[in-house]
Amino acid sequence: MKKYDFTLDLETDNSNSIILRWIKPRSTVLEFGPAHGRMTKFLKENLQCSVTIIERDAESGTEAARHADRALIGEIEGNIEGELWVQKLQGSTFDYIIFSDVLEHLHNPAKTLAATNEFLRASGSIIISVPNLAHNSILIELWKNRFEYRSTGLLDETHLRFFSKTSLLKLVHQAGLFVYNAHNARNVVENTEFNHSLADMPAEVARAMARRDDADVYQFVWELKKAHWAQPHASHPPRAGDRAPKISVLLPNYNYGRYLESAIESVLGQDFTNFEFIISDDASSDNSAEIIRAYAARDARIKYCIQPGNLGMVANWNLCLQQARGEYIKYLFGDDRLACPHALSTLAGMLDANAGAVLATSARQVIDADNKAIDLWSSIERPGLNQGNRAARFCLFRIQNCIGEPTAVMFRASASAGRGFDSSYRQVVDLEMWLHLLRQGDLVYTKEPLCQFRHHAEQQTAANRKSQVGYHEHMRLNECYLPLFMPQGSSLPFREKRLLFQVIYSLEKGKDVPSEAKQLAPFLNLQLRRRWYKYFWFTHKLGRPLANARRAWFKYVLKDPSYWRPNSPA
């Protein structure tokens with residue numbers, strides 16, 4: 001076991017350093033497969049944790065046991081896939097259970113992972129790190145018709161199981177868990193044990209590989225929590241052989257008891273009935289749980305979870321998504337509602353009729369806290385099918401989510417491919433997901449408002465706007481996504497160039513523009529090119545006197561007849 005006796009590196013983003021940053025001091029920890037105990041020692045001496053270890057290898061386990069409060073070691077007690085450790089730890093619970101590069105060495109990792117549930121406290125976490133089989137370096141190996149085991153690394157000769165992101169998510173769900181937090185360890189192809197480079201590949205293939213999601217993720221490092229999903233009411237249990245629903249309607253809720261009944265009723269009143277209804281309440285302090293349980297007792301399509309502790313907005317969104325079985329995903333927030341009985345059928349029909357579209361969206365009617373309509377949002381000009389690249393650029397250039405909030409959107413589950421919303425974003429988390437989806441297809445839009453988006457002071461969006469965090473996140477979005485959506489080998493259409501100039505000019509010259517927003521102007525300018533900026537600046541200056549005269553005409557002449565008819569009544 002000396003091959004796993006590594007120095008603990010806390011300076012870089014590796015699996016061990018990420019895991020240890022998540023562990024709170026003075027916690028109780030169960031560590032599987034600690035090898036020689038480098039992490040065990042840090043947990044005990046630096047974080048003052050109470051640590052129990054389970055290690056099958058007697059030599060390394062004996063060394064690790066010097067830093068543990070309790071140790072189960074050897075072929076019998078330390079057999080992770082055996083039953084003895086379960087008996088020995090009966091009655092014990094832990095704040096954290098760690099599988100650091102362990103699951104891939106097990107014959108039945110799903111069974112072992114599920115067995116730890118009874119030892120995890122209600123608010124506790126299971127932390128795993130697992131190598132990514134879909135790393136670009138392995139794809140290059142396969143391209144070269146090679147799949148050779150090595151002493152360590154992604155193709156460690158002792159690995160019994162291999163995981164991509166999708167298969168690892170399936171394992172997590174089978175164990176009754178969900179991904180609460182993710183911070184993956186990354187490594188570019190050139191720095192791996194395979195001695196490859198994307199430059200070895202054909203240029204077109206290399207470009208496609210570089211754009212893949214998680215292409216440089218060397219190890220998935222995830223924090224998992226238990227999901228307590230209530231089954232349908234006993235009076236209407238699911239029937240054997242039931243097929244997966246066409247649509248999964250997902251309702252993440254937090255303290256929206258005031259609006260929740262209206263939201264749920266708008267779903268149950270749809271003319272399209274082949275859907276499942278998944279509701280996750282994020283430990284609300286109002287009467288939300290009572291309302292959810294009452295509706296679940298009446299309708300078998302409702303599956304719900306009342307969280308024992310607050311997960312946070314994005315984690316709750318992702319928890320709902322991980323439970324979805326439908327072909328199409330439709331979010332509805334607890335303070336919003338579907339605007340008409342045909343909302344689901346219309347959006348699903350739009351996706352059915354447009355095989356190349358990955359998401360469908362509509363105009364949104366804005367309502368206040370008292371259900372009064374106050375506005376209509378319709379940011380996409382052309383109804384019907386819109387090219388994904390152009391729709392994405394439109395959002396990025398305008399620094400605006402023109403597609404809509406999750407309540408307005410329905411998307412294909414296959415397009416998300418197990419990927420949830422990115423929790424590193426706060427304000428533009430939904431737009432980041434839409435951009436991810438638009439890399440795979442187009443958008444279809446209708447000007448009919450199919451949802452009602454509620455505007456009130458308590459919502460998260462309103463709180464984020466005050467902090468102006470959105471501008472900084474839009475900068476990230478542009479840096480990450482704009483190169484992926486720019487036309488290859490040709491320039492932008494003239495209309496998009498003009499739009500881009502207008503945005504840049506307003507950022508540079510506009511009054512009361514936050515400094516975070518001004519930082520976007522130089523980056524966007526690079527996409528426009530200097531000669532086009534000069535052209536639009538010149539035409540803008542030439543047209544300015546005419547525009548001023550036009551405004552004056554409307555302001556003083558048309559709206560105030562006394563301006564040009566002195567004797568007319570005011």
# chains A, B, ... in the order shown; residues from 1 in each chain; ligands from 1
$ residues_around --residues "A:Gly404" --least-positions-apart "2" --cutoff "10 Å" --atoms "only C-alpha atoms" --output "ChimeraX atom specification"
/A:361-364,377-380,400-402,406-409,430-431,434,453
$ residues_around --residues "A:Ala294" --least-positions-apart "4" --cutoff "12 Å" --atoms "only C-alpha atoms" --output "ChimeraX atom specification"
/A:232-233,260-261,264,287-290,298-300,302-304
$ select_by_dssp --residues "stretch 304-455 of chain A" --states "strand (DSSP E or B)" --output "PyMOL selection string"
chain A and resi 304-306+328-331+337-338+357-367+373-377+384-386+409-412+442-454
$ write_last_selection --atoms "C-alpha atoms" --output "short mmCIF file (atom, residue, chain, number, x, y, z; two decimals), in the first residue's frame"
data_model
loop_
_atom_site.label_atom_id
_atom_site.label_comp_id
_atom_site.auth_asym_id
_atom_site.auth_seq_id
_atom_site.Cartn_x
_atom_site.Cartn_y
_atom_site.Cartn_z
CA TYR A 304 -42.26 16.12 -1.91
CA CYS A 305 -39.37 16.65 0.46
CA ILE A 306 -39.35 18.88 3.57
CA TYR A 328 -38.98 17.66 -20.31
CA ILE A 329 -38.17 19.77 -17.25
CA LYS A 330 -40.43 22.64 -16.15
CA TYR A 331 -39.59 24.74 -13.10
CA ARG A 337 -47.79 30.57 -11.23
CA LEU A 338 -48.67 29.21 -14.67
CA ALA A 357 -34.61 23.02 -29.89
CA VAL A 358 -33.30 22.26 -26.40
CA LEU A 359 -35.43 24.78 -24.57
CA ALA A 360 -38.78 26.52 -25.01
CA THR A 361 -39.78 29.79 -23.40
CA SER A 362 -42.51 32.39 -23.50
CA ALA A 363 -43.31 35.97 -22.63
CA ARG A 364 -43.96 36.54 -18.91
CA GLN A 365 -46.76 38.46 -17.27
CA VAL A 366 -45.43 40.30 -14.21
CA ILE A 367 -47.76 40.38 -11.20
CA ALA A 373 -50.76 42.44 -13.52
CA ILE A 374 -48.19 45.25 -13.65
CA ASP A 375 -46.07 44.51 -16.72
CA LEU A 376 -45.41 42.18 -19.64
CA TRP A 377 -41.86 41.01 -20.39
CA GLY A 384 -40.78 30.48 -33.27
CA LEU A 385 -37.38 28.82 -33.68
CA ASN A 386 -34.34 30.96 -32.85
CA VAL A 409 -38.62 27.91 -19.44
CA MET A 410 -39.10 24.24 -20.32
CA PHE A 411 -36.02 22.27 -21.41
CA ARG A 412 -35.04 18.78 -22.48
CA ASP A 442 -31.77 26.06 -30.45
CA LEU A 443 -34.49 27.97 -28.64
CA VAL A 444 -38.20 28.12 -29.50
CA TYR A 445 -40.27 31.07 -28.30
CA THR A 446 -43.85 32.25 -28.11
CA LYS A 447 -45.06 35.77 -27.38
CA GLU A 448 -48.06 34.39 -25.50
CA PRO A 449 -47.41 34.82 -21.74
CA LEU A 450 -47.63 31.30 -20.34
CA CYS A 451 -46.41 32.11 -16.84
CA GLN A 452 -46.84 34.81 -14.24
CA PHE A 453 -43.65 36.03 -12.61
CA ARG A 454 -44.22 37.67 -9.25
#
$ select_by_dssp --residues "stretch 323-442 of chain A" --states "alpha helix (DSSP H)" --output "PDB file with C-alpha atoms, in the first residue's frame"
ATOM      1  CA  GLN A 323     -35.231  13.582  -8.829  1.00  0.00           C
ATOM      2  CA  ALA A 343     -49.088  26.348 -20.440  1.00  0.00           C
ATOM      3  CA  LEU A 344     -47.533  22.857 -20.150  1.00  0.00           C
ATOM      4  CA  SER A 345     -49.107  21.514 -23.330  1.00  0.00           C
ATOM      5  CA  THR A 346     -48.027  24.574 -25.336  1.00  0.00           C
ATOM      6  CA  LEU A 347     -44.382  24.456 -24.231  1.00  0.00           C
ATOM      7  CA  ALA A 348     -44.182  20.671 -24.662  1.00  0.00           C
ATOM      8  CA  GLY A 349     -45.765  20.984 -28.107  1.00  0.00           C
ATOM      9  CA  MET A 350     -43.156  23.571 -29.103  1.00  0.00           C
ATOM     10  CA  LEU A 351     -40.347  21.161 -28.189  1.00  0.00           C
ATOM     11  CA  ASP A 352     -42.108  18.227 -29.870  1.00  0.00           C
ATOM     12  CA  ALA A 353     -42.444  20.219 -33.097  1.00  0.00           C
ATOM     13  CA  GLY A 388     -29.077  28.908 -30.276  1.00  0.00           C
ATOM     14  CA  ASN A 389     -25.836  30.801 -30.982  1.00  0.00           C
ATOM     15  CA  ARG A 390     -27.669  34.020 -31.828  1.00  0.00           C
ATOM     16  CA  ALA A 391     -29.990  33.775 -28.824  1.00  0.00           C
ATOM     17  CA  ALA A 392     -26.972  33.280 -26.549  1.00  0.00           C
ATOM     18  CA  ARG A 393     -25.089  36.240 -28.050  1.00  0.00           C
ATOM     19  CA  PHE A 394     -28.198  38.385 -27.685  1.00  0.00           C
ATOM     20  CA  CYS A 395     -28.226  37.722 -23.919  1.00  0.00           C
ATOM     21  CA  LEU A 396     -24.469  38.224 -23.545  1.00  0.00           C
ATOM     22  CA  PHE A 397     -24.353  41.426 -25.601  1.00  0.00           C
ATOM     23  CA  ARG A 398     -27.323  42.972 -23.818  1.00  0.00           C
ATOM     24  CA  ALA A 413     -33.732  16.640 -19.620  1.00  0.00           C
ATOM     25  CA  SER A 414     -31.297  14.967 -22.028  1.00  0.00           C
ATOM     26  CA  ALA A 415     -29.658  18.321 -22.795  1.00  0.00           C
ATOM     27  CA  SER A 416     -28.727  18.904 -19.153  1.00  0.00           C
ATOM     28  CA  VAL A 429     -27.415  31.175 -12.253  1.00  0.00           C
ATOM     29  CA  ASP A 430     -30.399  30.526 -14.538  1.00  0.00           C
ATOM     30  CA  LEU A 431     -28.862  32.335 -17.539  1.00  0.00           C
ATOM     31  CA  GLU A 432     -25.660  30.316 -17.084  1.00  0.00           C
ATOM     32  CA  MET A 433     -27.715  27.122 -17.404  1.00  0.00           C
ATOM     33  CA  TRP A 434     -29.538  28.398 -20.512  1.00  0.00           C
ATOM     34  CA  LEU A 435     -26.179  29.192 -22.141  1.00  0.00           C
ATOM     35  CA  HIS A 436     -24.982  25.686 -21.333  1.00  0.00           C
ATOM     36  CA  LEU A 437     -28.104  24.237 -22.979  1.00  0.00           C
ATOM     37  CA  LEU A 438     -27.853  26.498 -26.037  1.00  0.00           C
TER      38      LEU A 438
END
$ closest_residue --among "A:Gln527, A:Gly33, A:Asp216, A:Ile128" --to "A:Pro483" --atoms "only C-alpha atoms"
A:Gln527
$ residues_around --residues "A:Leu484" --least-positions-apart "4" --cutoff "9 Å" --atoms "only C-alpha atoms" --output "compact mmCIF listing (two decimals) with C-alpha atoms, in the first residue's frame"
# COMPACT_ATOMS: atom_id res chain seq x y z
CA ARG A 211 -15.30 22.80 -25.42
CA ASN A 389 -25.84 30.80 -30.98
CA ARG A 439 -24.44 25.03 -26.83
CA CYS A 480 -16.59 31.81 -20.38
$ residues_around --residues "stretch 48-50 of chain A" --least-positions-apart "6" --cutoff "7 Å" --atoms "only C-alpha atoms" --output "list in words"
Pro25, Arg26, Ser27, Thr28, Val29 and Asp69 of chain A
$ write_last_selection --atoms "all heavy atoms" --output "PDB file, in the first residue's frame"
ATOM      1  N   PRO A  25     -14.276  22.377  12.051  1.00  0.00           N
ATOM      2  CA  PRO A  25     -13.501  21.936  13.227  1.00  0.00           C
ATOM      3  C   PRO A  25     -14.399  21.279  14.273  1.00  0.00           C
ATOM      4  O   PRO A  25     -15.588  21.584  14.379  1.00  0.00           O
ATOM      5  CB  PRO A  25     -12.891  23.247  13.750  1.00  0.00           C
ATOM      6  CG  PRO A  25     -12.870  24.164  12.560  1.00  0.00           C
ATOM      7  CD  PRO A  25     -14.093  23.813  11.766  1.00  0.00           C
ATOM      8  N   ARG A  26     -13.790  20.359  15.011  1.00  0.00           N
ATOM      9  CA  ARG A  26     -14.427  19.660  16.126  1.00  0.00           C
ATOM     10  C   ARG A  26     -15.663  18.865  15.694  1.00  0.00           C
ATOM     11  O   ARG A  26     -16.644  18.747  16.417  1.00  0.00           O
ATOM     12  CB  ARG A  26     -14.782  20.644  17.252  1.00  0.00           C
ATOM     13  CG  ARG A  26     -13.550  21.215  17.951  1.00  0.00           C
ATOM     14  CD  ARG A  26     -13.892  22.264  18.967  1.00  0.00           C
ATOM     15  NE  ARG A  26     -14.368  23.482  18.317  1.00  0.00           N
ATOM     16  CZ  ARG A  26     -13.576  24.407  17.778  1.00  0.00           C
ATOM     17  NH1 ARG A  26     -12.257  24.238  17.817  1.00  0.00           N
ATOM     18  NH2 ARG A  26     -14.067  25.485  17.220  1.00  0.00           N
ATOM     19  N   SER A  27     -15.611  18.318  14.485  1.00  0.00           N
ATOM     20  CA  SER A  27     -16.689  17.465  13.981  1.00  0.00           C
ATOM     21  C   SER A  27     -16.364  16.000  14.245  1.00  0.00           C
ATOM     22  O   SER A  27     -15.220  15.644  14.566  1.00  0.00           O
ATOM     23  CB  SER A  27     -16.872  17.676  12.472  1.00  0.00           C
ATOM     24  OG  SER A  27     -17.168  19.019  12.169  1.00  0.00           O
ATOM     25  N   THR A  28     -17.375  15.154  14.110  1.00  0.00           N
ATOM     26  CA  THR A  28     -17.153  13.705  14.165  1.00  0.00           C
ATOM     27  C   THR A  28     -17.047  13.207  12.726  1.00  0.00           C
ATOM     28  O   THR A  28     -17.909  13.506  11.885  1.00  0.00           O
ATOM     29  CB  THR A  28     -18.292  12.990  14.894  1.00  0.00           C
ATOM     30  OG1 THR A  28     -19.537  13.331  14.281  1.00  0.00           O
ATOM     31  CG2 THR A  28     -18.332  13.399  16.354  1.00  0.00           C
ATOM     32  N   VAL A  29     -15.996  12.427  12.443  1.00  0.00           N
ATOM     33  CA  VAL A  29     -15.696  12.031  11.070  1.00  0.00           C
ATOM     34  C   VAL A  29     -15.499  10.523  10.987  1.00  0.00           C
ATOM     35  O   VAL A  29     -14.804   9.930  11.823  1.00  0.00           O
ATOM     36  CB  VAL A  29     -14.424  12.751  10.554  1.00  0.00           C
ATOM     37  CG1 VAL A  29     -14.105  12.321   9.126  1.00  0.00           C
ATOM     38  CG2 VAL A  29     -14.584  14.268  10.634  1.00  0.00           C
ATOM     39  N   ASP A  69      -9.312   8.184  16.702  1.00  0.00           N
ATOM     40  CA  ASP A  69      -9.913   7.860  17.995  1.00  0.00           C
ATOM     41  C   ASP A  69     -10.389   6.415  18.029  1.00  0.00           C
ATOM     42  O   ASP A  69     -10.455   5.796  19.080  1.00  0.00           O
ATOM     43  CB  ASP A  69     -11.101   8.790  18.265  1.00  0.00           C
ATOM     44  CG  ASP A  69     -10.676  10.241  18.397  1.00  0.00           C
ATOM     45  OD1 ASP A  69     -10.313  10.648  19.507  1.00  0.00           O
ATOM     46  OD2 ASP A  69     -10.690  10.965  17.378  1.00  0.00           O
TER      47      ASP A  69
END
$ closest_residue --among "A:Ala552, A:Val179, A:Val314, A:Leu520" --to "A:Trp222" --atoms "only C-alpha atoms"
A:Val179
$ residues_around --residues "stretch 280-284 of chain A" --least-positions-apart "3" --cutoff "10 Å" --atoms "only C-alpha atoms" --output "NGL selection string"
:A and (227-229 or 250-257 or 287-289 or 292 or 303-313 or 315-317 or 319-320 or 334)
$ residues_around --residues "stretch 136-142 of chain A" --least-positions-apart "4" --cutoff "6 Å" --atoms "only C-alpha atoms" --output "number ranges by chain"
A: 146, 189, 215
$ atom_distance --atom1 "atom CA of A:Pro341" --atom2 "atom CA of A:Asp271"
5.6 Å
$ atom_distance --atom1 "atom CA of A:Asn117" --atom2 "atom CA of A:Asn181"
17.5 Å
$ closest_residue --among "A:Ala203, A:Ala208, A:Ala122, A:Asn108" --to "A:Leu160" --atoms "only C-alpha atoms"
A:Asn108
